[in-house]
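Chemist: After the structure tokens below, expect a handful of questions from me.
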Amino acid sequence: MKKTFEISCRQRAKKHPILFLLLALSVMVPALLRAEEEPFIRMPDKPAYMGAAACNGRCHDPWYRAWKDTPHAKTYELLKPGVRANAKTMAGINPDTDYTMNPNCLRCHTTGYGQKGGFVPAETPISEWKPSMEQVGCEMCHTARGGNQVRVIMKKSKGEFKRSKIEQWGARYDYENICLRCHGHPKSPHKPSVDPKYSFNYKERKNHIHDYEKYYDEFNKTQIYKIKHGEGVTEKHPLMIEDWDIVDGKIRFKKLPLWDGWLIFKRK
């Protein structure tokens, strides 16, 4: 049967050589182009959080060490009783209450709370020397739904990725809007109307995020990236700011900025 089929194909090729060639090219060329432009990458099925510690090591050590010295790496501590008592009193909340299990607070004081792979009270490890999920880590600012898929793109491309491409997997570059997710959210008790110091000036604050350059040493000096990634879509079209409700003591998001692989932008 196979031999008969091969003879039939040769006969048709001789009778209609041009048509046969075009047919063959129509099958082969797209496949070759796809193989060259988009090599197969084994990607996690769904976006999920991994924690800041996953960014440490051979790739982003200076950034991680710089982040450890910022207030973002100590946000969970603020939820404990007696910590920043004056600020809590001014905000109208009891300074002696333990807020480490409060879902409204955990959303902005931890990484990925209420989402896949995110912080889980009484389950996620708490570490003083290597903070990760229990603080406001890398993924809260650089991704929409966690960085497991983004990390795969970064590693496979060795950093040679375009912003517009990696955004398809949940990376984001609308940094001012990112900050406002918590520093201006209606559910935050710390409002400028209560204390003027909570008025948020992005241009002023961004200079104090992580001064990574002073953390270069003999171990991580090769992690100096001068790669141009182009302009991202989210830079001009910021993603929506999430809102949520608390139902039966659990956080329920009304909508999240990445749904079935598509980024959801805020309406102007």
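The chains in the structure tokens are called A, B, ... from first to last as shown; in each chain the residues are counted from 1, and the ligands are counted from 1 in the order shown.
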Extract the full set of helix (DSSP H, G or I) residues from segment 19-262 of chain A according to DSSP on the backbone, and format it as a PyMOL selection string.

Modeler: chain A and resi 19-37+52-55+61-68+71-74+76-79+85-90+103-109+138-142+148-157+163-169+175-183+196-198+202-208+212-215+233-236

Chemist: Using only C-alpha atoms, find each residue in segment 63-117 of chain A having at least one atom no more than 10 Å away from segment 47-55 of chain A; report its shortest atom-to-atom pair and that distance in Å (one decimal), rows by chain then rising number, as a tab-separated table.

Modeler:
residue	atom	partner	partner_atom	distance
A:Trp63	CA	A:Cys55	CA	8.6
A:Tyr64	CA	A:Cys55	CA	7.0
A:Trp67	CA	A:Ala52	CA	9.2
A:Lys68	CA	A:Ala52	CA	9.7
A:Ala73	CA	A:Ala52	CA	9.5
A:Thr110	CA	A:Gly51	CA	9.8
A:Thr111	CA	A:Gly51	CA	7.0
A:Gly112	CA	A:Tyr49	CA	6.2
A:Tyr113	CA	A:Tyr49	CA	9.3
A:Gln115	CA	A:Ala48	CA	7.5
A:Lys116	CA	A:Ala48	CA	5.0
A:Gly117	CA	A:Tyr49	CA	4.7

Chemist: Which distance in Å separates atom CA of Gly230 of chain A and atom CA of Asn177 of chain A, to one decimal?

Modeler: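 These atoms are spaced 19.6 Å apart.
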
Chemist: Between atom CA of Ile166 of chain A and atom CA of Met154 of chain A, what is the distance, to one decimal in Å?

Modeler: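 Result for atom CA of Ile166 of chain A versus atom CA of Met154 of chain A: 8.3 Å, one decimal.
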
Chemist: Counting only C-alpha atoms, which residues of segment 24-109 of chain A fall within 12 Å of segment 196-204 of chain A, and what is the closest atom pair for each with its distance in Å at one decimal, ordered by chain and rising number, as a Markdown table?

Modeler:
| residue | atom | partner | partner_atom | distance |
| --- | --- | --- | --- | --- |
| A:Ala87 | CA | A:Tyr198 | CA | 10.3 |
| A:Met90 | CA | A:Pro196 | CA | 11.1 |
| A:Ala91 | CA | A:Tyr198 | CA | 10.5 |

Chemist: May I have the residues within 9 Å of Thr97 of chain A as a PyMOL selection string, using only C-alpha atoms and disregarding those fewer than 4 positions away in the same chain?

Modeler: chain A and resi 79-82+93

Chemist: What's the 9 Å shell around Asp243 of chain A, counting only C-alpha atoms, without same-chain residues fewer than 6 positions away, as number ranges by chain?

Modeler: A: 181, 185-187, 252-256

Chemist: So which residues touch Asp260 of chain A within 12 Å, counting only C-alpha atoms, skipping near sequence neighbours fewer than 2 positions away, as a list in words?

Modeler: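 Listed by chain and then number, they are Asp45, Lys46, Pro47, Arg145, Gln168, Trp169, Gly170, Leu256, Pro257, Leu258, Trp262, Leu263 and Ile264 of chain A.
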
Chemist: Would you give me, as a tab-separated table, each residue of segment 80-164 of chain A having an atom within 12 Å of an atom of segment 208-220 of chain A, along with its shortest atom pair and that distance in Å to one decimal, using only C-alpha atoms and sorting by chain and residue number?

Modeler:
residue	atom	partner	partner_atom	distance
A:Val136	CA	A:Ile209	CA	11.6
A:Gly137	CA	A:Ile209	CA	11.3
A:Cys138	CA	A:His210	CA	10.7
A:Cys141	CA	A:Ile209	CA	10.6

Chemist: Residues as selected, C-alpha atoms, written as a CSV table (one decimal), in the first residue's frame, can you do that?

Modeler:
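Final file, out-v3.csv:
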chain,number,residue,atom,x,y,z
A,136,VAL,CA,6.2,42.9,48.6
A,137,GLY,CA,8.6,41.2,46.2
A,138,CYS,CA,9.7,41.5,42.6
A,141,CYS,CA,5.8,45.2,40.6

Chemist: For Ala171 of chain A, work out the shell of residues within 7 Å, counting only C-alpha atoms and skipping chain neighbours fewer than 5 positions away, then give it as a PDB file with C-alpha atoms, in the first residue's frame.

Modeler:
ATOM      1  CA  HIS A 142       6.994  43.395  37.504  1.00  0.00           C
ATOM      2  CA  THR A 143       4.234  40.907  36.705  1.00  0.00           C
ATOM      3  CA  ALA A 144       0.458  40.840  36.505  1.00  0.00           C
ATOM      4  CA  VAL A 150       7.946  35.271  32.621  1.00  0.00           C
ATOM      5  CA  ILE A 166       7.149  39.035  27.336  1.00  0.00           C
TER       6      ILE A 166
END
